[in-house]
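Shown below: run12.txt, with compact mmCIF, C-alpha atoms.
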```txt
# COMPACT_ATOMS: atom_id res chain seq x y z
CA MET A 11 0.00 0.00 0.00
CA ASP A 12 2.78 2.36 0.91
CA SER A 13 4.63 1.83 -2.33
CA THR A 14 1.44 2.35 -4.42
CA ILE A 15 0.98 5.80 -2.91
CA GLY A 16 4.65 6.55 -3.59
CA ILE A 17 4.28 5.51 -7.22
CA ILE A 18 1.14 7.65 -7.71
CA GLY A 19 2.94 10.65 -6.21
CA ALA A 20 5.99 10.03 -8.36
CA ILE A 21 3.87 9.84 -11.53
CA LEU A 22 2.14 13.13 -10.67
CA THR A 23 5.47 14.85 -9.97
CA LEU A 24 6.91 13.50 -13.21
CA SER A 25 3.96 14.71 -15.28
CA GLY A 26 4.30 18.09 -13.59
CA SER A 27 7.95 18.30 -14.58
CA ILE A 28 6.99 17.37 -18.16
CA PHE A 29 4.67 20.41 -18.25
CA ILE A 30 7.45 22.62 -16.89
CA PHE A 31 9.79 21.26 -19.58
CA LEU A 32 7.20 22.07 -22.25
CA GLY A 33 7.02 25.60 -20.85
CA ALA A 34 10.80 25.93 -21.18
CA LEU A 35 10.62 24.57 -24.74
CA GLY A 36 7.93 27.12 -25.55
CA LEU A 37 10.21 29.86 -24.22
CA VAL A 38 12.76 28.95 -26.91
CA ARG A 39 10.31 28.33 -29.74
CA MET A 40 7.88 31.23 -29.46
CA PRO A 41 8.53 34.23 -31.74
CA ASP A 42 7.93 37.27 -29.52
CA LEU A 43 7.77 38.38 -25.89
CA PHE A 44 4.01 38.08 -25.43
CA ASN A 45 3.90 34.52 -26.71
CA ARG A 46 6.89 33.66 -24.54
CA ILE A 47 5.01 34.91 -21.50
CA GLN A 48 2.12 32.68 -22.55
CA ALA A 49 4.27 29.57 -22.85
CA GLY A 50 6.88 30.21 -20.22
CA THR A 51 5.07 31.55 -17.21
CA LYS A 52 1.82 29.73 -17.63
CA ALA A 53 2.35 26.30 -19.08
CA SER A 54 4.16 26.01 -15.77
CA THR A 55 1.05 26.71 -13.62
CA LEU A 56 -0.29 23.20 -14.13
CA GLY A 57 3.26 21.82 -13.96
CA THR A 58 3.96 23.36 -10.57
CA PHE A 59 0.56 22.33 -9.26
CA LEU A 60 0.99 18.70 -10.36
CA SER A 61 4.48 18.56 -8.82
CA LEU A 62 3.23 19.97 -5.52
CA ILE A 63 0.22 17.61 -5.45
CA GLY A 64 2.59 14.70 -6.08
CA LEU A 65 4.75 15.85 -3.17
CA LEU A 66 1.60 16.20 -1.07
CA ILE A 67 0.76 12.54 -1.71
CA ILE A 68 4.28 11.31 -0.95
CA THR A 69 4.82 13.39 2.21
CA PRO A 70 1.40 14.26 3.69
CA GLN A 71 2.99 15.85 6.79
CA TRP A 72 4.01 18.89 4.66
CA TRP A 73 0.42 19.65 3.63
CA GLY A 74 0.22 23.12 5.20
CA LYS A 75 3.23 24.62 3.48
CA LEU A 76 2.50 22.96 0.15
CA ILE A 77 -1.06 24.33 0.07
CA LEU A 78 0.30 27.76 1.01
CA LEU A 79 2.77 27.54 -1.90
CA MET A 80 -0.08 26.74 -4.29
CA ILE A 81 -2.12 29.72 -3.08
CA PHE A 82 0.83 32.10 -3.45
CA ILE A 83 1.55 30.84 -6.96
CA LEU A 84 -2.14 31.26 -7.83
CA ILE A 85 -2.06 34.89 -6.62
CA THR A 86 1.36 36.10 -7.82
CA ASN A 87 1.65 34.34 -11.19
CA PRO A 88 -1.08 36.27 -13.09
CA VAL A 89 -0.08 39.62 -11.55
CA SER A 90 3.56 39.32 -12.61
CA SER A 91 2.81 38.14 -16.15
CA HIS A 92 0.21 40.89 -16.60
CA ILE A 93 2.65 43.58 -15.44
CA LEU A 94 5.42 42.22 -17.70
CA ALA A 95 3.10 42.26 -20.73
CA ARG A 96 1.72 45.73 -20.00
CA ALA A 97 5.16 47.26 -19.45
CA ALA A 98 6.50 45.60 -22.60
CA HIS A 99 3.62 46.92 -24.69
CA PHE A 100 4.03 50.35 -23.17
CA ILE A 101 7.70 50.73 -24.11
CA GLY A 102 6.92 49.42 -27.60
CA VAL A 103 8.33 45.90 -27.75
CA PRO A 104 7.54 44.76 -31.30
CA LEU A 105 5.02 41.98 -31.86
CA ALA A 106 5.85 38.98 -34.04
CA ASP A 107 5.15 39.04 -37.78
CA LYS A 108 2.48 36.39 -37.30
CA THR A 109 0.41 38.76 -35.17
CA VAL A 110 -3.07 39.17 -36.61
CA THR A 111 -4.41 42.18 -34.76
CA ASP A 112 -3.43 44.71 -32.11
CA LYS A 113 -6.54 46.42 -30.79
CA TYR A 114 -4.59 47.84 -27.85
CA LYS A 115 -2.34 49.96 -30.06
CA GLU A 116 -5.36 51.47 -31.80
CA GLU A 117 -6.45 53.08 -28.55
CA GLU A 118 -4.63 56.41 -28.56
CA LYS A 119 -5.34 57.06 -24.91
CA THR A 120 -2.99 54.38 -23.65
CA PHE A 121 -0.09 55.92 -25.51
CA SER A 122 -0.66 59.50 -24.40
CA ILE A 123 2.11 59.49 -21.77
CA LYS A 124 4.61 58.06 -24.23
CA ASP A 125 3.69 60.73 -26.80
CA GLU A 126 4.17 63.42 -24.20
CA ILE A 127 7.67 62.17 -23.48
CA LYS A 128 8.37 62.17 -27.21
CA ASN A 129 7.11 65.73 -27.61
CA ASP A 130 9.21 66.88 -24.69
CA THR A 131 12.40 65.53 -26.23
CA HIS A 132 11.59 67.22 -29.56
CA ASP A 133 11.15 70.57 -27.85
CA MET B 20 -19.16 46.93 6.80
CA LYS B 21 -16.17 47.24 9.08
CA ILE B 22 -16.84 44.09 11.09
CA LYS B 23 -16.88 42.10 7.81
CA ASN B 24 -13.47 43.49 6.81
CA PHE B 25 -12.15 42.60 10.25
CA ILE B 26 -13.43 39.02 10.02
CA ALA B 27 -12.08 38.54 6.48
CA LEU B 28 -8.59 39.79 7.33
CA PHE B 29 -8.57 37.84 10.62
CA LEU B 30 -9.51 34.58 8.88
CA ILE B 31 -6.86 35.03 6.18
CA LEU B 32 -4.15 35.79 8.76
CA ILE B 33 -4.98 32.89 11.07
CA VAL B 34 -5.24 30.39 8.20
CA VAL B 35 -1.85 31.47 6.82
CA TRP B 36 -0.36 31.32 10.34
CA ILE B 37 -1.63 27.77 10.92
CA LEU B 38 -0.50 26.62 7.46
CA VAL B 39 3.00 28.08 7.96
CA ASN B 40 3.37 26.53 11.42
CA ASN B 41 1.81 23.30 10.22
CA SER B 42 0.48 22.32 13.63
CA PHE B 43 -2.65 22.62 15.76
CA SER B 44 -1.00 22.71 19.19
CA GLY B 45 -2.54 24.99 21.78
CA GLN B 46 0.30 27.50 22.17
CA ILE B 47 0.60 28.18 18.44
CA ILE B 48 -3.15 28.62 18.00
CA ILE B 49 -3.33 31.07 20.93
CA ILE B 50 -0.39 33.18 19.73
CA GLY B 51 -1.80 33.21 16.20
CA PHE B 52 -5.23 34.16 17.48
CA ILE B 53 -3.90 37.12 19.48
CA LEU B 54 -1.59 38.38 16.71
CA SER B 55 -4.23 38.02 13.98
CA ALA B 56 -6.85 39.82 16.04
CA PHE B 57 -4.38 42.63 16.82
CA ILE B 58 -3.30 43.13 13.19
CA ALA B 59 -6.88 42.87 11.92
CA LEU B 60 -7.97 45.49 14.48
CA LEU B 61 -5.21 47.86 13.36
CA PHE B 62 -5.56 47.52 9.60
CA GLY B 63 -8.84 45.72 8.92
CA THR B 64 -11.17 48.64 9.45
CA ASN B 65 -10.07 50.73 6.47
CA LEU B 66 -9.40 47.93 4.01
CA ARG B 67 -11.64 48.62 1.01
CA ILE B 68 -10.82 45.42 -0.86
CA PHE B 69 -13.10 43.17 1.20
CA ASP B 70 -16.12 45.48 0.93
CA GLU B 71 -17.59 43.45 -1.91
CA LEU B 72 -17.10 40.03 -0.34
CA LYS B 73 -20.25 38.12 0.54
CA PHE B 74 -20.43 35.30 3.03
CA THR B 75 -23.88 34.06 2.01
CA PRO B 76 -24.29 30.31 1.28
CA THR B 77 -25.17 30.93 -2.38
CA ALA B 78 -22.01 33.01 -2.88
CA LEU B 79 -19.89 30.29 -1.27
CA GLY B 80 -21.58 27.61 -3.40
CA TYR B 81 -20.96 29.53 -6.62
CA THR B 82 -17.36 30.15 -5.51
CA PHE B 83 -16.91 26.38 -5.31
CA ILE B 84 -18.49 25.88 -8.76
CA TYR B 85 -16.29 28.66 -10.12
CA LEU B 86 -13.15 26.95 -8.77
CA LEU B 87 -14.16 23.70 -10.48
CA VAL B 88 -14.87 25.45 -13.81
CA PHE B 89 -11.58 27.32 -13.53
CA LEU B 90 -9.63 24.10 -12.82
CA ILE B 91 -11.14 22.37 -15.86
CA GLU B 92 -10.34 25.38 -18.08
CA LEU B 93 -6.78 25.47 -16.68
CA ILE B 94 -6.13 21.82 -17.58
CA LYS B 95 -7.78 22.15 -21.01
CA SER B 96 -5.83 25.23 -22.02
CA ASN B 97 -2.56 23.88 -20.61
CA LEU B 98 -2.89 20.83 -22.83
CA ASP B 99 -3.74 23.10 -25.76
CA VAL B 100 -0.64 25.28 -25.32
CA ALA B 101 1.53 22.17 -24.79
CA ARG B 102 0.21 20.78 -28.09
CA ARG B 103 1.03 24.04 -29.90
CA VAL B 104 4.57 24.07 -28.49
CA LEU B 105 5.19 20.46 -29.54
CA THR B 106 3.81 20.79 -33.09
CA PRO B 107 6.79 21.43 -35.44
CA SER B 108 5.00 24.08 -37.53
CA LEU B 109 4.18 26.13 -34.37
CA PRO B 110 0.45 26.72 -35.10
CA ILE B 111 -0.05 30.08 -33.36
CA ASN B 112 -2.14 32.98 -34.51
CA PRO B 113 -1.48 35.66 -31.89
CA GLY B 114 -3.01 39.09 -31.47
CA ILE B 115 -4.42 41.52 -28.93
CA VAL B 116 -8.22 41.66 -28.89
CA LYS B 117 -10.66 43.91 -27.10
CA THR B 118 -13.40 42.45 -24.90
CA LYS B 119 -16.13 43.83 -22.68
CA THR B 120 -17.26 42.59 -19.29
CA VAL B 121 -20.62 43.10 -17.61
CA LEU B 122 -19.13 42.82 -14.10
CA LYS B 123 -19.49 45.95 -12.00
CA SER B 124 -17.50 45.19 -8.83
CA LYS B 125 -13.75 45.77 -8.67
CA MET B 126 -13.12 42.47 -6.91
CA GLY B 127 -15.05 40.57 -9.59
CA ARG B 128 -13.11 42.30 -12.37
CA MET B 129 -9.82 41.54 -10.65
CA ILE B 130 -10.66 37.86 -10.30
CA LEU B 131 -11.87 37.74 -13.92
CA ALA B 132 -8.65 39.34 -15.24
CA ASN B 133 -6.46 37.08 -13.13
CA SER B 134 -8.36 33.96 -14.20
CA ILE B 135 -7.95 34.93 -17.84
CA THR B 136 -4.23 35.46 -17.28
CA LEU B 137 -3.80 32.18 -15.41
CA THR B 138 -5.30 30.07 -18.19
CA PRO B 139 -2.56 29.69 -20.80
CA GLY B 140 -3.32 31.05 -24.23
CA THR B 141 -4.93 34.24 -22.97
CA LEU B 142 -3.16 37.11 -21.19
CA THR B 143 -4.73 40.29 -19.87
CA VAL B 144 -2.55 43.17 -21.08
CA ASP B 145 -4.65 46.00 -19.70
CA ILE B 146 -8.01 46.69 -18.11
CA ASP B 147 -9.76 50.01 -18.51
CA GLY B 148 -13.19 50.27 -16.92
CA ASP B 149 -15.24 47.48 -18.47
CA THR B 150 -12.82 46.96 -21.36
CA LEU B 151 -10.22 44.21 -21.21
CA TYR B 152 -7.34 44.02 -23.70
CA ILE B 153 -6.32 40.40 -24.04
CA HIS B 154 -3.34 38.90 -25.82
CA TRP B 155 -4.67 35.71 -27.36
CA ILE B 156 -2.45 33.00 -28.77
CA ASP B 157 -5.08 31.79 -31.26
CA VAL B 158 -7.26 34.65 -32.50
CA CYS B 159 -10.39 33.24 -34.13
CA CYS B 160 -12.33 36.48 -34.35
CA GLU B 161 -11.37 40.14 -33.96
CA ASP B 162 -14.94 41.26 -33.30
CA ILE B 163 -15.55 42.47 -29.71
CA ASP B 164 -18.68 40.37 -29.14
CA LYS B 165 -17.26 37.16 -30.55
CA ALA B 166 -14.00 37.51 -28.61
CA THR B 167 -15.96 38.24 -25.44
CA ASN B 168 -18.03 35.09 -25.99
CA ALA B 169 -14.93 32.99 -26.54
CA ILE B 170 -12.77 34.21 -23.63
CA VAL B 171 -14.73 36.12 -21.02
CA LYS B 172 -18.18 34.54 -20.91
CA LYS B 173 -17.23 31.16 -19.47
CA PHE B 174 -15.79 32.77 -16.32
CA GLU B 175 -18.11 35.74 -16.21
CA LYS B 176 -21.39 33.85 -15.99
CA HIS B 177 -20.34 32.37 -12.64
CA LEU B 178 -18.67 35.53 -11.28
CA VAL B 179 -21.81 37.58 -11.95
CA LYS B 180 -23.71 35.39 -9.48
CA ILE B 181 -21.02 35.78 -6.79
CA TYR B 182 -20.28 39.52 -6.96
CA ASP B 183 -23.26 41.27 -8.54
```

For the structure just supplied, provide its representation as structure tokens.
Amino acid sequence: MDSTIGIIGAILTLSGSIFIFLGALGLVRMPDLFNRIQAGTKASTLGTFLSLIGLLIITPQWWGKLILLMIFILITNPVSSHILARAAHFIGVPLADKTVTDKYKEEEKTFSIKDEIKNDTHD
Amino acid sequence: MKIKNFIALFLILIVVWILVNNSFSGQIIIIGFILSAFIALLFGTNLRIFDELKFTPTALGYTFIYLLVFLIELIKSNLDVARRVLTPSLPINPGIVKTKTVLKSKMGRMILANSITLTPGTLTVDIDGDTLYIHWIDVCCEDIDKATNAIVKKFEKHLVKIYD
């Protein structure tokens, strides 16, 4: 019985690490920053969760800290990737050639501060 | 209003304290109880973020349903992005689309934006009032209504019941 639980936990941890590997592969393969954020920071959400759940099954006495880790990842992961993407778009990181549409750029309001800086330097 | 903020902050603090200490022994619970109550008294009263929380049974039930829906979406989209990464031709069709949400509360909008960001394939770039700008790895439709149906609706229909 004990070894069965160990094997189930090991399989979960292994599948989690496969997802993290796929995230790293996506980081290399994707053409621009936004797609890299998609693959790199977030294919790893499920990967980290599966690894932690596997650990939870193998060593149940760590449950408190492992659940806390999951909650912190759930809260901080979207905030950091959103801020990275917004800052990158704001300073004008180019999008890949494959990009179909950029509705955000069409809104002039979001670029007003940048235009002000540009006008200041021209003066 | 203030007593609700106090209770919410107190519960969060004591749960984190117990999880970090990883034990239910008397001493630790008592120290955690006193410290959490003290911090919640100091800072809980003017915390605006918990104003929109509801502790009614229906809200808690829909929160549970929402977590399930979110988990299923997370697994589905993770598999989808993994498939795109592994396919040699890299079948992506990225772009930033504009969507609208019907949610009114700030807390609901925050949870919606973070859920969209957490599911791979969609990434909230900016939120401006009820407009969300979303970087989407596979743009099927640039139209606002169609994009809203494809990305926002599946989370929104549950969040509306919790926060509005």

Show me, as a tab-separated table, the residues of chain B having an atom within 7 Å of chain A, each with the closest atom pair and its distance in Å, using all atoms listed in the file.
```
residue	atom	partner	partner_atom	distance
B:Leu38	CA	A:Gly74	CA	4.2
B:Val39	CA	A:Lys75	CA	5.7
B:Asn41	CA	A:Gly74	CA	5.3
B:Ile94	CA	A:Leu56	CA	6.9
B:Asn97	CA	A:Ala53	CA	5.7
B:Val100	CA	A:Ala49	CA	7.0
B:Ala101	CA	A:Leu32	CA	6.2
B:Val104	CA	A:Gly36	CA	5.4
B:Asn112	CA	A:Thr109	CA	6.4
B:Pro113	CA	A:Thr109	CA	4.9
B:Gly114	CA	A:Thr111	CA	4.7
B:Ile115	CA	A:Asp112	CA	4.6
B:Val116	CA	A:Lys113	CA	5.4
B:Lys117	CA	A:Lys113	CA	6.1
B:Asn133	CA	A:Pro88	CA	5.4
B:Thr136	CA	A:Pro88	CA	5.3
B:Leu137	CA	A:Pro88	CA	5.4
B:Pro139	CA	A:Lys52	CA	5.4
B:Gly140	CA	A:Gln48	CA	5.9
B:Leu142	CA	A:His92	CA	6.8
B:Thr143	CA	A:His92	CA	6.0
B:Val144	CA	A:Arg96	CA	5.1
B:Asp145	CA	A:Arg96	CA	6.4
B:Tyr152	CA	A:Tyr114	CA	6.3
B:Ile156	CA	A:Asn45	CA	6.8
```

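Rounded to one decimal, atom CA of B:Glu175 and atom CA of B:Leu131 lie 6.9 Å from each other.
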
- With distances taken over only C-alpha atoms, the candidate from B:Ala166, B:Ala59, B:Asp157, B:Glu92 nearest B:Ile111 is B:Asp157

Might you pull out every residue within 12 Å of B:Phe25, with all atoms listed in the file counted and same-chain residues fewer than 2 positions away left off, and present them as an mmCIF file with C-alpha atoms, in the frame of the given file?
```cif
data_model
loop_
_atom_site.group_PDB
_atom_site.id
_atom_site.type_symbol
_atom_site.label_atom_id
_atom_site.label_comp_id
_atom_site.auth_asym_id
_atom_site.auth_seq_id
_atom_site.Cartn_x
_atom_site.Cartn_y
_atom_site.Cartn_z
ATOM 1 C CA MET B 20 -19.160 46.930 6.800
ATOM 2 C CA LYS B 21 -16.170 47.240 9.080
ATOM 3 C CA ILE B 22 -16.840 44.090 11.090
ATOM 4 C CA LYS B 23 -16.880 42.100 7.810
ATOM 5 C CA ALA B 27 -12.080 38.540 6.480
ATOM 6 C CA LEU B 28 -8.590 39.790 7.330
ATOM 7 C CA PHE B 29 -8.570 37.840 10.620
ATOM 8 C CA LEU B 30 -9.510 34.580 8.880
ATOM 9 C CA ILE B 31 -6.860 35.030 6.180
ATOM 10 C CA LEU B 32 -4.150 35.790 8.760
ATOM 11 C CA SER B 55 -4.230 38.020 13.980
ATOM 12 C CA ALA B 56 -6.850 39.820 16.040
ATOM 13 C CA PHE B 57 -4.380 42.630 16.820
ATOM 14 C CA ILE B 58 -3.300 43.130 13.190
ATOM 15 C CA ALA B 59 -6.880 42.870 11.920
ATOM 16 C CA LEU B 60 -7.970 45.490 14.480
ATOM 17 C CA LEU B 61 -5.210 47.860 13.360
ATOM 18 C CA PHE B 62 -5.560 47.520 9.600
ATOM 19 C CA GLY B 63 -8.840 45.720 8.920
ATOM 20 C CA THR B 64 -11.170 48.640 9.450
ATOM 21 C CA ASN B 65 -10.070 50.730 6.470
ATOM 22 C CA LEU B 66 -9.400 47.930 4.010
ATOM 23 C CA ARG B 67 -11.640 48.620 1.010
ATOM 24 C CA ILE B 68 -10.820 45.420 -0.860
ATOM 25 C CA PHE B 69 -13.100 43.170 1.200
ATOM 26 C CA ASP B 70 -16.120 45.480 0.930
ATOM 27 C CA LEU B 72 -17.100 40.030 -0.340
#
```

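Going from atom CA of B:Val35 over to atom CA of A:Ser61, you cover 21.2 Å.
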
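Taking atom CA of A:Leu62 as the reference point, atom CA of B:Gly127 is found at 27.8 Å.
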
Let me have the centre and edge lengths of the axis-aligned box enclosing all listed atoms of stretch 146-150 of chain B with 6 Å padding on every side, in Å to one decimal, as lines of an AutoDock Vina configuration file.
```
center_x = -11.6
center_y = 48.5
center_z = -19.1
size_x = 19.2
size_y = 15.6
size_z = 16.4
```

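Minimum atom-to-atom distances from B:Ser42, B:Thr167, B:Thr138, B:Thr150 to B:Asp99 were compared using only C-alpha atoms, and the lowest value belongs to B:Thr138.
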
- Message: Can you tell me which residues surround A:Ile18 at a distance of at most 9 Å, considering only C-alpha atoms, apart from same-chain residues fewer than 5 positions away, and format the answer as a VMD selection string?
- Response: chain A and resid 13 23 64 67 to 68

Could you write out that same residue set with C-alpha atoms as a PDB file, in the coordinates of the input?
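Result file result-v2.pdb:
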```
ATOM      1  CA  SER A  13       4.630   1.830  -2.330  1.00  0.00           C
ATOM      2  CA  THR A  23       5.470  14.850  -9.970  1.00  0.00           C
ATOM      3  CA  GLY A  64       2.590  14.700  -6.080  1.00  0.00           C
ATOM      4  CA  ILE A  67       0.760  12.540  -1.710  1.00  0.00           C
ATOM      5  CA  ILE A  68       4.280  11.310  -0.950  1.00  0.00           C
TER       6      ILE A  68
END
```

- Task: Select all residues near (-17.5, 47.6, -11.0) (cut-off 12 Å, inclusive, file coordinates), counting all atoms listed in the file, and output them as a PyMOL selection string.
- Result: chain B and resi 71+120-131+146-150+179+182-183
